[in-house]
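Enquirer: Structure file model_3.pdb, PDB, C-alpha atoms and all ligand atoms, is pasted below:
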ATOM      1  CA  MET G 254      -3.374  21.216 -20.842
ATOM      2  CA  ASP G 255       0.343  22.060 -20.788
ATOM      3  CA  THR G 256       2.170  21.259 -17.589
ATOM      4  CA  LEU G 257       5.248  23.395 -16.964
ATOM      5  CA  LEU G 258       8.308  21.286 -16.226
ATOM      6  CA  LEU G 259      10.585  23.303 -13.926
ATOM      7  CA  ASN G 260      13.922  22.291 -12.489
ATOM      8  CA  ASN G 261      14.777  25.424 -10.525
ATOM      9  CA  ILE G 262      13.501  26.568  -7.158
ATOM     10  CA  LYS G 263      13.615  30.184  -8.372
ATOM     11  CA  ASP G 264      11.228  29.481 -11.272
ATOM     12  CA  VAL G 265       8.789  27.609  -9.036
ATOM     13  CA  ARG G 266       8.782  30.475  -6.530
ATOM     14  CA  HIS G 267       8.154  32.988  -9.302
ATOM     15  CA  ASN G 268       4.976  31.155 -10.407
ATOM     16  CA  ILE G 269       3.821  30.658  -6.833
ATOM     17  CA  GLU G 270       4.218  34.386  -6.058
ATOM     18  CA  ASN G 271       1.939  35.259  -8.988
ATOM     19  CA  TRP G 272      -0.665  32.694  -7.931
ATOM     20  CA  LYS G 273      -0.614  33.981  -4.356
ATOM     21  CA  LYS G 274      -1.117  37.560  -5.570
ATOM     22  CA  ASP G 275      -4.293  36.294  -7.264
ATOM     23  CA  GLY G 276      -5.385  34.611  -4.037
ATOM     24  CA  LEU G 277      -5.313  31.111  -5.558
ATOM     25  CA  LYS G 278      -5.309  27.922  -3.425
ATOM     26  CA  ILE G 279      -2.229  25.812  -4.056
ATOM     27  CA  GLY G 280      -1.928  22.036  -3.762
ATOM     28  CA  LEU G 281       1.332  20.063  -3.621
ATOM     29  CA  VAL G 282       1.676  16.382  -4.475
ATOM     30  CA  PRO G 283       5.187  15.269  -3.456
ATOM     31  CA  THR G 284       6.364  12.187  -5.388
ATOM     32  CA  MET G 285       9.521  10.416  -6.437
ATOM     33  CA  GLY G 286       8.131  10.061  -9.963
ATOM     34  CA  ALA G 287       7.434   6.805 -11.840
ATOM     35  CA  LEU G 288       3.851   7.985 -11.545
ATOM     36  CA  HIS G 289       1.120   5.342 -11.476
ATOM     37  CA  ASN G 290      -2.615   5.417 -10.800
ATOM     38  CA  GLY G 291      -1.980   5.824  -7.074
ATOM     39  CA  HIS G 292      -0.177   9.111  -7.747
ATOM     40  CA  ALA G 293      -2.833  10.005 -10.331
ATOM     41  CA  SER G 294      -5.501   9.720  -7.624
ATOM     42  CA  LEU G 295      -3.532  12.184  -5.440
ATOM     43  CA  ILE G 296      -3.189  14.653  -8.311
ATOM     44  CA  LYS G 297      -6.915  14.350  -9.108
ATOM     45  CA  LYS G 298      -7.804  15.013  -5.480
ATOM     46  CA  ALA G 299      -5.496  18.054  -5.497
ATOM     47  CA  LYS G 300      -7.215  19.322  -8.667
ATOM     48  CA  GLU G 301     -10.601  18.980  -6.962
ATOM     49  CA  MET G 302      -9.533  20.942  -3.891
ATOM     50  CA  CYS G 303      -7.115  23.560  -5.277
ATOM     51  CA  ASP G 304      -6.854  26.189  -8.004
ATOM     52  CA  LYS G 305      -3.264  25.301  -8.861
ATOM     53  CA  VAL G 306      -1.420  22.003  -8.484
ATOM     54  CA  VAL G 307       2.316  21.379  -8.226
ATOM     55  CA  VAL G 308       3.636  17.812  -8.494
ATOM     56  CA  SER G 309       7.198  17.379  -7.307
ATOM     57  CA  VAL G 310       9.245  14.580  -8.853
ATOM     58  CA  PHE G 311      12.442  14.011  -6.942
ATOM     59  CA  VAL G 312      14.179  10.758  -6.075
ATOM     60  CA  ASN G 313      15.456  12.009  -2.766
ATOM     61  CA  PRO G 314      18.955  10.625  -2.079
ATOM     62  CA  ILE G 315      18.868  11.335   1.660
ATOM     63  CA  GLN G 316      15.979   8.958   2.334
ATOM     64  CA  PHE G 317      17.760   5.918   0.869
ATOM     65  CA  GLY G 318      20.179   3.768   2.867
ATOM     66  CA  PRO G 319      23.583   2.847   1.375
ATOM     67  CA  ASN G 320      22.356  -0.607   0.265
ATOM     68  CA  GLU G 321      18.960   0.479  -1.003
ATOM     69  CA  ASP G 322      17.609   1.062  -4.509
ATOM     70  CA  PHE G 323      18.418   4.764  -5.058
ATOM     71  CA  ASP G 324      20.333   4.077  -8.301
ATOM     72  CA  LYS G 325      17.847   1.637  -9.739
ATOM     73  CA  TYR G 326      14.687   3.519  -8.662
ATOM     74  CA  PRO G 327      12.649   4.066 -11.889
ATOM     75  CA  ARG G 328      13.024   7.519 -13.435
ATOM     76  CA  THR G 329      10.342   8.134 -16.070
ATOM     77  CA  ILE G 330       9.999  11.900 -16.362
ATOM     78  CA  GLU G 331       8.534  11.841 -19.915
ATOM     79  CA  ASN G 332       5.701   9.576 -18.812
ATOM     80  CA  ASP G 333       5.305  11.521 -15.542
ATOM     81  CA  LYS G 334       4.778  14.674 -17.604
ATOM     82  CA  LYS G 335       2.097  12.924 -19.660
ATOM     83  CA  VAL G 336       0.263  11.776 -16.531
ATOM     84  CA  CYS G 337       0.384  15.316 -15.087
ATOM     85  CA  GLU G 338      -0.816  16.811 -18.362
ATOM     86  CA  GLU G 339      -3.730  14.405 -18.661
ATOM     87  CA  ILE G 340      -4.954  15.289 -15.188
ATOM     88  CA  GLY G 341      -4.174  18.981 -15.545
ATOM     89  CA  ALA G 342      -1.406  19.611 -12.998
ATOM     90  CA  ASP G 343       0.075  23.083 -13.504
ATOM     91  CA  ILE G 344       3.727  22.486 -12.629
ATOM     92  CA  ILE G 345       6.052  19.521 -12.311
ATOM     93  CA  PHE G 346       8.942  20.499 -10.110
ATOM     94  CA  ALA G 347      11.788  18.091 -10.895
ATOM     95  CA  PRO G 348      14.962  19.441  -9.296
ATOM     96  CA  SER G 349      18.399  17.824  -9.361
ATOM     97  CA  PRO G 350      19.984  16.777  -6.037
ATOM     98  CA  LYS G 351      22.340  19.761  -6.472
ATOM     99  CA  GLU G 352      19.400  22.140  -6.803
ATOM    100  CA  MET G 353      17.837  20.731  -3.635
ATOM    101  CA  TYR G 354      20.899  20.298  -1.468
ATOM    102  CA  GLY G 355      23.523  22.607  -2.939
ATOM    103  CA  GLU G 356      26.940  21.771  -4.313
ATOM    104  CA  ASN G 357      29.790  20.122  -2.499
ATOM    105  CA  LYS G 358      27.674  19.037   0.428
ATOM    106  CA  LYS G 359      27.965  15.657   2.051
ATOM    107  CA  LEU G 360      24.355  14.523   2.169
ATOM    108  CA  SER G 361      24.454  13.681   5.859
ATOM    109  CA  ASN G 362      24.056  15.609   9.074
ATOM    110  CA  ILE G 363      27.773  16.423   8.927
ATOM    111  CA  ASP G 364      26.920  19.116   6.383
ATOM    112  CA  LEU G 365      23.164  19.416   6.227
ATOM    113  CA  THR G 366      20.381  20.510   8.582
ATOM    114  CA  PHE G 367      17.994  17.595   9.066
ATOM    115  CA  VAL G 368      14.481  17.304  10.448
ATOM    116  CA  CYS G 369      14.451  14.448  12.968
ATOM    117  CA  PRO G 370      10.964  13.128  13.702
ATOM    118  CA  PRO G 371      10.406  11.741  17.226
ATOM    119  CA  TYR G 372      12.161   8.494  18.053
ATOM    120  CA  SER G 373       8.883   6.868  19.128
ATOM    121  CA  LEU G 374       7.558   7.259  15.572
ATOM    122  CA  VAL G 375      10.666   6.259  13.639
ATOM    123  CA  ASP G 376      11.996   3.370  15.729
ATOM    124  CA  CYS G 377       9.326   0.972  14.502
ATOM    125  CA  LEU G 378       7.792  -0.479  11.323
ATOM    126  CA  CYS G 379       9.746   0.763   8.272
ATOM    127  CA  GLY G 380      12.014   2.981  10.368
ATOM    128  CA  LYS G 381      13.512  -0.089  12.126
ATOM    129  CA  SER G 382      14.965  -1.586   8.968
ATOM    130  CA  ARG G 383      15.578   1.786   7.271
ATOM    131  CA  PRO G 384      17.532   3.856   9.794
ATOM    132  CA  GLY G 385      17.548   7.543   8.841
ATOM    133  CA  HIS G 386      14.845   7.055   6.208
ATOM    134  CA  PHE G 387      12.216   9.217   7.885
ATOM    135  CA  ASP G 388      14.753  11.956   8.703
ATOM    136  CA  GLY G 389      15.400  12.107   4.975
ATOM    137  CA  VAL G 390      11.677  12.114   4.146
ATOM    138  CA  ALA G 391      10.786  14.791   6.709
ATOM    139  CA  THR G 392      13.723  16.956   5.606
ATOM    140  CA  VAL G 393      12.884  16.888   1.907
ATOM    141  CA  VAL G 394       9.158  17.337   2.527
ATOM    142  CA  LEU G 395       9.774  20.380   4.739
ATOM    143  CA  LYS G 396      12.002  21.819   1.986
ATOM    144  CA  LEU G 397       9.265  21.194  -0.593
ATOM    145  CA  PHE G 398       6.715  22.839   1.721
ATOM    146  CA  ASN G 399       9.007  25.873   2.050
ATOM    147  CA  ILE G 400       9.549  26.100  -1.697
ATOM    148  CA  VAL G 401       5.931  25.614  -2.803
ATOM    149  CA  THR G 402       4.146  27.014   0.298
ATOM    150  CA  PRO G 403       1.020  24.951  -0.452
ATOM    151  CA  ASP G 404      -2.339  25.292   1.263
ATOM    152  CA  TYR G 405      -2.814  21.524   0.980
ATOM    153  CA  ALA G 406      -0.385  18.642   0.524
ATOM    154  CA  PHE G 407      -1.549  15.212  -0.604
ATOM    155  CA  PHE G 408      -0.067  11.903   0.574
ATOM    156  CA  GLY G 409      -1.122   8.294   0.074
ATOM    157  CA  LEU G 410      -2.183   6.123   2.988
ATOM    158  CA  LYS G 411      -0.028   3.302   1.656
ATOM    159  CA  ASP G 412       2.883   4.975   3.424
ATOM    160  CA  ALA G 413       0.875   5.190   6.630
ATOM    161  CA  GLN G 414       3.892   5.698   8.897
ATOM    162  CA  GLN G 415       5.231   8.448   6.625
ATOM    163  CA  LEU G 416       1.840  10.145   6.670
ATOM    164  CA  PHE G 417       1.605   9.952  10.463
ATOM    165  CA  ILE G 418       5.128  11.379  10.854
ATOM    166  CA  LEU G 419       4.463  14.219   8.399
ATOM    167  CA  LYS G 420       1.176  15.140  10.094
ATOM    168  CA  ASN G 421       3.102  15.364  13.360
ATOM    169  CA  MET G 422       5.778  17.484  11.721
ATOM    170  CA  VAL G 423       3.127  19.932  10.480
ATOM    171  CA  LYS G 424       1.696  20.171  13.999
ATOM    172  CA  ASP G 425       5.007  20.259  15.893
ATOM    173  CA  LEU G 426       6.591  22.871  13.600
ATOM    174  CA  ASN G 427       3.419  25.008  13.224
ATOM    175  CA  LEU G 428       3.413  24.683   9.446
ATOM    176  CA  ASN G 429       0.632  26.609   7.791
ATOM    177  CA  LEU G 430      -0.877  23.907   5.581
ATOM    178  CA  THR G 431      -3.194  20.934   5.776
ATOM    179  CA  ILE G 432      -2.189  17.387   4.903
ATOM    180  CA  ILE G 433      -4.814  15.435   2.998
ATOM    181  CA  PRO G 434      -4.535  11.642   3.346
ATOM    182  CA  CYS G 435      -5.691   9.730   0.247
ATOM    183  CA  PRO G 436      -6.782   6.073   0.063
ATOM    184  CA  ILE G 437      -4.554   3.261  -1.208
ATOM    185  CA  VAL G 438      -5.110   2.428  -4.874
ATOM    186  CA  ARG G 439      -4.955  -1.270  -5.781
ATOM    187  CA  GLU G 440      -4.821  -3.406  -8.927
ATOM    188  CA  ASP G 441      -8.033  -5.391  -9.551
ATOM    189  CA  ASP G 442      -6.388  -8.417  -7.912
ATOM    190  CA  GLY G 443      -5.617  -6.475  -4.726
ATOM    191  CA  LEU G 444      -1.932  -5.627  -5.147
ATOM    192  CA  ALA G 445      -1.306  -2.122  -3.762
ATOM    193  CA  LEU G 446       0.167   0.131  -6.450
ATOM    194  CA  SER G 447       3.825   0.962  -5.952
ATOM    195  CA  SER G 448       6.575   2.194  -8.247
ATOM    196  CA  ARG G 449       8.576  -0.773  -6.930
ATOM    197  CA  ASN G 450       6.064  -3.299  -8.378
ATOM    198  CA  THR G 451       7.988  -2.913 -11.669
ATOM    199  CA  TYR G 452      10.866  -4.822 -10.035
ATOM    200  CA  LEU G 453       8.721  -7.981  -9.653
ATOM    201  CA  SER G 454       8.960 -10.985 -11.993
ATOM    202  CA  ALA G 455       5.678 -12.698 -12.961
ATOM    203  CA  GLU G 456       6.260 -15.342 -10.287
ATOM    204  CA  GLU G 457       7.111 -12.768  -7.615
ATOM    205  CA  ARG G 458       4.027 -10.761  -8.519
ATOM    206  CA  LYS G 459       1.901 -13.844  -7.742
ATOM    207  CA  GLN G 460       3.684 -14.236  -4.415
ATOM    208  CA  ALA G 461       3.143 -10.535  -3.669
ATOM    209  CA  LEU G 462      -0.631 -10.986  -3.958
ATOM    210  CA  THR G 463      -0.590 -12.908  -0.694
ATOM    211  CA  ILE G 464       0.324  -9.645   1.087
ATOM    212  CA  SER G 465      -3.017  -7.951   0.440
ATOM    213  CA  ALA G 466      -4.769 -11.326   0.817
ATOM    214  CA  SER G 467      -3.400 -11.649   4.349
ATOM    215  CA  LEU G 468      -4.633  -8.154   5.233
ATOM    216  CA  ARG G 469      -8.076  -8.918   3.768
ATOM    217  CA  LYS G 470      -8.234 -12.072   5.902
ATOM    218  CA  ILE G 471      -7.431 -10.071   9.042
ATOM    219  CA  GLU G 472     -10.136  -7.564   8.151
ATOM    220  CA  SER G 473     -12.744 -10.256   7.597
ATOM    221  CA  LEU G 474     -11.860 -12.045  10.856
ATOM    222  CA  TYR G 475     -12.049  -8.720  12.708
ATOM    223  CA  LYS G 476     -15.493  -8.131  11.216
ATOM    224  CA  GLN G 477     -16.492 -11.563  12.555
ATOM    225  CA  GLY G 478     -15.464 -10.417  16.030
ATOM    226  CA  ILE G 479     -11.909 -11.774  16.344
ATOM    227  CA  THR G 480      -9.761  -9.024  17.846
ATOM    228  CA  ASP G 481      -6.838 -10.884  19.448
ATOM    229  CA  VAL G 482      -3.661  -9.727  17.695
ATOM    230  CA  SER G 483      -1.706 -12.976  18.053
ATOM    231  CA  THR G 484      -4.556 -15.007  16.488
ATOM    232  CA  LEU G 485      -4.848 -12.506  13.634
ATOM    233  CA  PHE G 486      -1.060 -12.451  13.188
ATOM    234  CA  ASP G 487      -0.829 -16.257  12.935
ATOM    235  CA  THR G 488      -3.654 -16.467  10.412
ATOM    236  CA  ALA G 489      -2.098 -13.780   8.224
ATOM    237  CA  LEU G 490       1.266 -15.518   8.405
ATOM    238  CA  SER G 491      -0.297 -18.770   7.202
ATOM    239  CA  ILE G 492      -1.599 -16.973   4.085
ATOM    240  CA  LEU G 493       1.667 -15.295   3.088
ATOM    241  CA  ASP G 494       3.529 -17.131   0.331
ATOM    242  CA  LYS G 495       6.285 -19.285   1.855
ATOM    243  CA  ASN G 496       8.849 -17.869  -0.578
ATOM    244  CA  THR G 497       8.391 -14.381   0.791
ATOM    245  CA  GLU G 498      10.032 -13.019   3.909
ATOM    246  CA  LEU G 499       7.961 -11.165   6.465
ATOM    247  CA  GLU G 500       9.753  -8.097   7.837
ATOM    248  CA  TYR G 501       6.937  -6.954  10.091
ATOM    249  CA  LEU G 502       3.214  -7.251  10.627
ATOM    250  CA  GLU G 503       2.127  -4.797  13.283
ATOM    251  CA  PHE G 504      -1.097  -3.597  14.821
ATOM    252  CA  ARG G 505      -1.085   0.040  15.980
ATOM    253  CA  ASP G 506      -3.656   2.558  17.124
ATOM    254  CA  TYR G 507      -3.758   5.073  14.274
ATOM    255  CA  ASP G 508      -4.612   7.898  16.685
ATOM    256  CA  ASN G 509      -1.365   7.660  18.670
ATOM    257  CA  PHE G 510       0.701   4.956  16.932
ATOM    258  CA  GLU G 511       0.864   2.784  20.054
ATOM    259  CA  LYS G 512       0.866  -1.002  19.704
ATOM    260  CA  VAL G 513      -2.438  -2.694  20.508
ATOM    261  CA  SER G 514      -3.015  -6.253  21.659
ATOM    262  CA  ASN G 515      -6.670  -6.198  20.659
ATOM    263  CA  VAL G 516      -7.821  -4.674  17.389
ATOM    264  CA  LYS G 517     -10.444  -1.952  17.643
ATOM    265  CA  ASN G 518     -11.715   0.676  15.234
ATOM    266  CA  ASN G 519      -8.984   2.885  13.764
ATOM    267  CA  THR G 520      -6.288   0.226  14.170
ATOM    268  CA  LEU G 521      -3.553   0.361  11.536
ATOM    269  CA  ILE G 522      -2.478  -3.096  10.412
ATOM    270  CA  ALA G 523       0.776  -2.589   8.562
ATOM    271  CA  ILE G 524       2.946  -5.138   6.823
ATOM    272  CA  ALA G 525       6.331  -5.168   5.077
ATOM    273  CA  VAL G 526       7.435  -8.190   3.093
ATOM    274  CA  ARG G 527      10.430  -9.015   0.956
ATOM    275  CA  VAL G 528       9.491 -10.681  -2.305
ATOM    276  CA  GLY G 529      12.741 -11.715  -3.948
ATOM    277  CA  LYS G 530      14.900  -8.614  -3.657
ATOM    278  CA  THR G 531      11.914  -6.258  -3.557
ATOM    279  CA  ARG G 532      10.606  -4.843  -0.313
ATOM    280  CA  LEU G 533       6.864  -4.134  -0.431
ATOM    281  CA  ILE G 534       4.601  -2.502   2.129
ATOM    282  CA  ASP G 535       0.838  -2.471   2.510
ATOM    283  CA  ASN G 536      -1.716  -1.779   5.225
ATOM    284  CA  ILE G 537      -5.339  -1.480   6.163
ATOM    285  CA  ILE G 538      -7.008   0.670   8.766
ATOM    286  CA  VAL G 539     -10.053  -1.126  10.198
TER     287      VAL G 539
HETATM  288  O1  LIG S   1       6.325   8.879  -0.614
HETATM  289  C1  LIG S   1       7.214   9.320  -1.373
HETATM  290  O2  LIG S   1       7.160   9.157  -2.588
HETATM  291  C2  LIG S   1       8.410  10.053  -0.778
HETATM  292  O3  LIG S   1       8.763   9.526   0.448
HETATM  293  C3  LIG S   1       8.185  11.568  -0.678
HETATM  294  C4  LIG S   1       7.061  11.903   0.272
HETATM  295  C5  LIG S   1       7.892  12.141  -2.053
HETATM  296  C6  LIG S   1       9.462  12.240  -0.148
HETATM  297  O4  LIG S   1      10.544  12.018  -0.971
END
Any chance you could put this one into structure tokens?
Expert:
Amino acid sequence: MDTLLLNNIKDVRHNIENWKKDGLKIGLVPTMGALHNGHASLIKKAKEMCDKVVVSVFVNPIQFGPNEDFDKYPRTIENDKKVCEEIGADIIFAPSPKEMYGENKKLSNIDLTFVCPPYSLVDCLCGKSRPGHFDGVATVVLKLFNIVTPDYAFFGLKDAQQLFILKNMVKDLNLNLTIIPCPIVREDDGLALSSRNTYLSAEERKQALTISASLRKIESLYKQGITDVSTLFDTALSILDKNTELEYLEFRDYDNFEKVSNVKNNTLIAIAVRVGKTRLIDNIIV
């Protein structure tokens, strides 16, 4: 099936208006491109639940810090189009930064209206080392919601903090759509799929496997009845490859995002690790 590749907001809106007139259910899968099987699973889920599916591909400059990988982030629009076509997405919306944010704007809150998620949700986990990141995510996602006006929007659980923040945004701002969380997709050896895995050398990839291994160990200890966070933390740390650098390993209640000292059901165990120059995240919810 042909997937329409559109770069303009006007063209997207035109298609959406026609679909809405026909009473069709619309699904949005927001991505930054470099689509892999994790994204494919989101698009498939959207196809199952909706009549029409829009995949946005936009490497969003306002969610990257000054020393982060905005310039080197993989841009693979030809392959992204193939993936969307194979699954049967209707539109890829791939705007330029100018199309999204206008010309001559400084991409900061000097010139631009931002969505600022609550401090309690951004001053932890990834938000601690990436100040402003979730303001940038929430802002672009709200813009995408306003452009596409989807009934459902699909996000991966790998970015568990992002998902939690966006669900709150939908509730707090009375947005008329439902967010559908989708499970993490992993390689056979356990590595969580990420567009950033392409940065890893063969040696680093081996080291990165200890990230999911440490989470699996926590899960199996929890199933054996060990709930004490410091014991679980120390065991996980002993499994992580010594050449990697742990940024955080945190245990939070996934109902309210508060830290727990004893793991119980619905605890998010989230980890961020630097492997060489690459920062990887992963998590499990037990
Ligand atoms: O998860 C991502 O790929 C991005 O943060 C998102 C949600 C597409 C916003 O740019």
Enquirer: Which residues of chain G come within 6 Å of ligand LIG 1 (chain S), and what is each one's closest atom pair and distance in Å (one decimal), counting all atoms listed in the file, sorted by chain and residue number, as a tab-separated table?
Expert:
residue	atom	partner	partner_atom	distance
G:Pro283	CA	S:LIG1	C5	4.4
G:Thr284	CA	S:LIG1	C5	3.7
G:Met285	CA	S:LIG1	O2	4.7
G:Asn313	CA	S:LIG1	O4	5.2
G:Val390	CA	S:LIG1	C6	4.8
G:Val394	CA	S:LIG1	C6	5.8
Enquirer: Mind checking which residues fall within 12 Å of G:Val393, counting only C-alpha atoms, ignoring those fewer than 4 positions away in the same chain, and posting them as a PyMOL selection string?
Expert: chain G and resi 283-285+309-316+348+350+353-354+360+365-369+386-389+397-400+419
Enquirer: Quick one: distance from atom CA of G:Ser514 to atom CA of G:Ser483 in Å, one decimal?
Expert: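 Separating atom CA of G:Ser514 from atom CA of G:Ser483 is a distance of 7.7 Å.
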Enquirer: Of the candidates G:Ala525, G:Val513, G:Leu502, G:Val336, which shows the shortest atom-to-atom distance to G:His292, using all atoms listed in the file?
Expert: G:Val336
Enquirer: Of the candidates G:Ile433, G:Trp272, G:Asp264, G:Thr329, which shows the shortest atom-to-atom distance to G:Lys298, using only C-alpha atoms?
Expert: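 Smallest distance to G:Lys298 is found for G:Ile433.
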Enquirer: Please write the residues picked by the PyMOL selection byres (((chain G and resi 530-539) around 9) and not hetatm) on this file as a VMD selection string.
Expert: chain G and resid 379 410 to 413 437 444 to 445 447 449 to 450 452 to 453 461 464 to 465 468 to 469 472 475 to 476 500 507 516 to 529
Enquirer: For the selection you just gave me, I'd like the residues written to a file as a PDB file, in the coordinates of the input, keeping C-alpha atoms.
Expert:
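So the final result, stored in again_25.pdb, reads:
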ATOM      1  CA  CYS G 379       9.746   0.763   8.272  1.00  0.00           C
ATOM      2  CA  LEU G 410      -2.183   6.123   2.988  1.00  0.00           C
ATOM      3  CA  LYS G 411      -0.028   3.302   1.656  1.00  0.00           C
ATOM      4  CA  ASP G 412       2.883   4.975   3.424  1.00  0.00           C
ATOM      5  CA  ALA G 413       0.875   5.190   6.630  1.00  0.00           C
ATOM      6  CA  ILE G 437      -4.554   3.261  -1.208  1.00  0.00           C
ATOM      7  CA  LEU G 444      -1.932  -5.627  -5.147  1.00  0.00           C
ATOM      8  CA  ALA G 445      -1.306  -2.122  -3.762  1.00  0.00           C
ATOM      9  CA  SER G 447       3.825   0.962  -5.952  1.00  0.00           C
ATOM     10  CA  ARG G 449       8.576  -0.773  -6.930  1.00  0.00           C
ATOM     11  CA  ASN G 450       6.064  -3.299  -8.378  1.00  0.00           C
ATOM     12  CA  TYR G 452      10.866  -4.822 -10.035  1.00  0.00           C
ATOM     13  CA  LEU G 453       8.721  -7.981  -9.653  1.00  0.00           C
ATOM     14  CA  ALA G 461       3.143 -10.535  -3.669  1.00  0.00           C
ATOM     15  CA  ILE G 464       0.324  -9.645   1.087  1.00  0.00           C
ATOM     16  CA  SER G 465      -3.017  -7.951   0.440  1.00  0.00           C
ATOM     17  CA  LEU G 468      -4.633  -8.154   5.233  1.00  0.00           C
ATOM     18  CA  ARG G 469      -8.076  -8.918   3.768  1.00  0.00           C
ATOM     19  CA  GLU G 472     -10.136  -7.564   8.151  1.00  0.00           C
ATOM     20  CA  TYR G 475     -12.049  -8.720  12.708  1.00  0.00           C
ATOM     21  CA  LYS G 476     -15.493  -8.131  11.216  1.00  0.00           C
ATOM     22  CA  GLU G 500       9.753  -8.097   7.837  1.00  0.00           C
ATOM     23  CA  TYR G 507      -3.758   5.073  14.274  1.00  0.00           C
ATOM     24  CA  VAL G 516      -7.821  -4.674  17.389  1.00  0.00           C
ATOM     25  CA  LYS G 517     -10.444  -1.952  17.643  1.00  0.00           C
ATOM     26  CA  ASN G 518     -11.715   0.676  15.234  1.00  0.00           C
ATOM     27  CA  ASN G 519      -8.984   2.885  13.764  1.00  0.00           C
ATOM     28  CA  THR G 520      -6.288   0.226  14.170  1.00  0.00           C
ATOM     29  CA  LEU G 521      -3.553   0.361  11.536  1.00  0.00           C
ATOM     30  CA  ILE G 522      -2.478  -3.096  10.412  1.00  0.00           C
ATOM     31  CA  ALA G 523       0.776  -2.589   8.562  1.00  0.00           C
ATOM     32  CA  ILE G 524       2.946  -5.138   6.823  1.00  0.00           C
ATOM     33  CA  ALA G 525       6.331  -5.168   5.077  1.00  0.00           C
ATOM     34  CA  VAL G 526       7.435  -8.190   3.093  1.00  0.00           C
ATOM     35  CA  ARG G 527      10.430  -9.015   0.956  1.00  0.00           C
ATOM     36  CA  VAL G 528       9.491 -10.681  -2.305  1.00  0.00           C
ATOM     37  CA  GLY G 529      12.741 -11.715  -3.948  1.00  0.00           C
TER      38      GLY G 529
END
Enquirer: When the PyMOL selection byres (((chain G and resi 265-269) around 12) and not hetatm) is applied to the structure above, which residues does it catch, written out as a short mmCIF file (atom, residue, chain, number, x, y, z; two decimals) with C-alpha atoms, keeping the file's coordinate frame?
Expert:
data_model
loop_
_atom_site.label_atom_id
_atom_site.label_comp_id
_atom_site.auth_asym_id
_atom_site.auth_seq_id
_atom_site.Cartn_x
_atom_site.Cartn_y
_atom_site.Cartn_z
CA LEU G 257 5.25 23.40 -16.96
CA LEU G 258 8.31 21.29 -16.23
CA LEU G 259 10.58 23.30 -13.93
CA ASN G 260 13.92 22.29 -12.49
CA ASN G 261 14.78 25.42 -10.52
CA ILE G 262 13.50 26.57 -7.16
CA LYS G 263 13.62 30.18 -8.37
CA ASP G 264 11.23 29.48 -11.27
CA GLU G 270 4.22 34.39 -6.06
CA ASN G 271 1.94 35.26 -8.99
CA TRP G 272 -0.66 32.69 -7.93
CA LYS G 273 -0.61 33.98 -4.36
CA LYS G 274 -1.12 37.56 -5.57
CA ASP G 275 -4.29 36.29 -7.26
CA GLY G 276 -5.38 34.61 -4.04
CA LEU G 277 -5.31 31.11 -5.56
CA LYS G 278 -5.31 27.92 -3.42
CA ILE G 279 -2.23 25.81 -4.06
CA GLY G 280 -1.93 22.04 -3.76
CA LEU G 281 1.33 20.06 -3.62
CA ASP G 304 -6.85 26.19 -8.00
CA LYS G 305 -3.26 25.30 -8.86
CA VAL G 306 -1.42 22.00 -8.48
CA VAL G 307 2.32 21.38 -8.23
CA VAL G 308 3.64 17.81 -8.49
CA SER G 309 7.20 17.38 -7.31
CA ASP G 343 0.08 23.08 -13.50
CA ILE G 344 3.73 22.49 -12.63
CA ILE G 345 6.05 19.52 -12.31
CA PHE G 346 8.94 20.50 -10.11
CA ALA G 347 11.79 18.09 -10.90
CA PRO G 348 14.96 19.44 -9.30
CA LEU G 397 9.26 21.19 -0.59
CA PHE G 398 6.72 22.84 1.72
CA ASN G 399 9.01 25.87 2.05
CA ILE G 400 9.55 26.10 -1.70
CA VAL G 401 5.93 25.61 -2.80
CA THR G 402 4.15 27.01 0.30
CA PRO G 403 1.02 24.95 -0.45
CA ASP G 404 -2.34 25.29 1.26
#
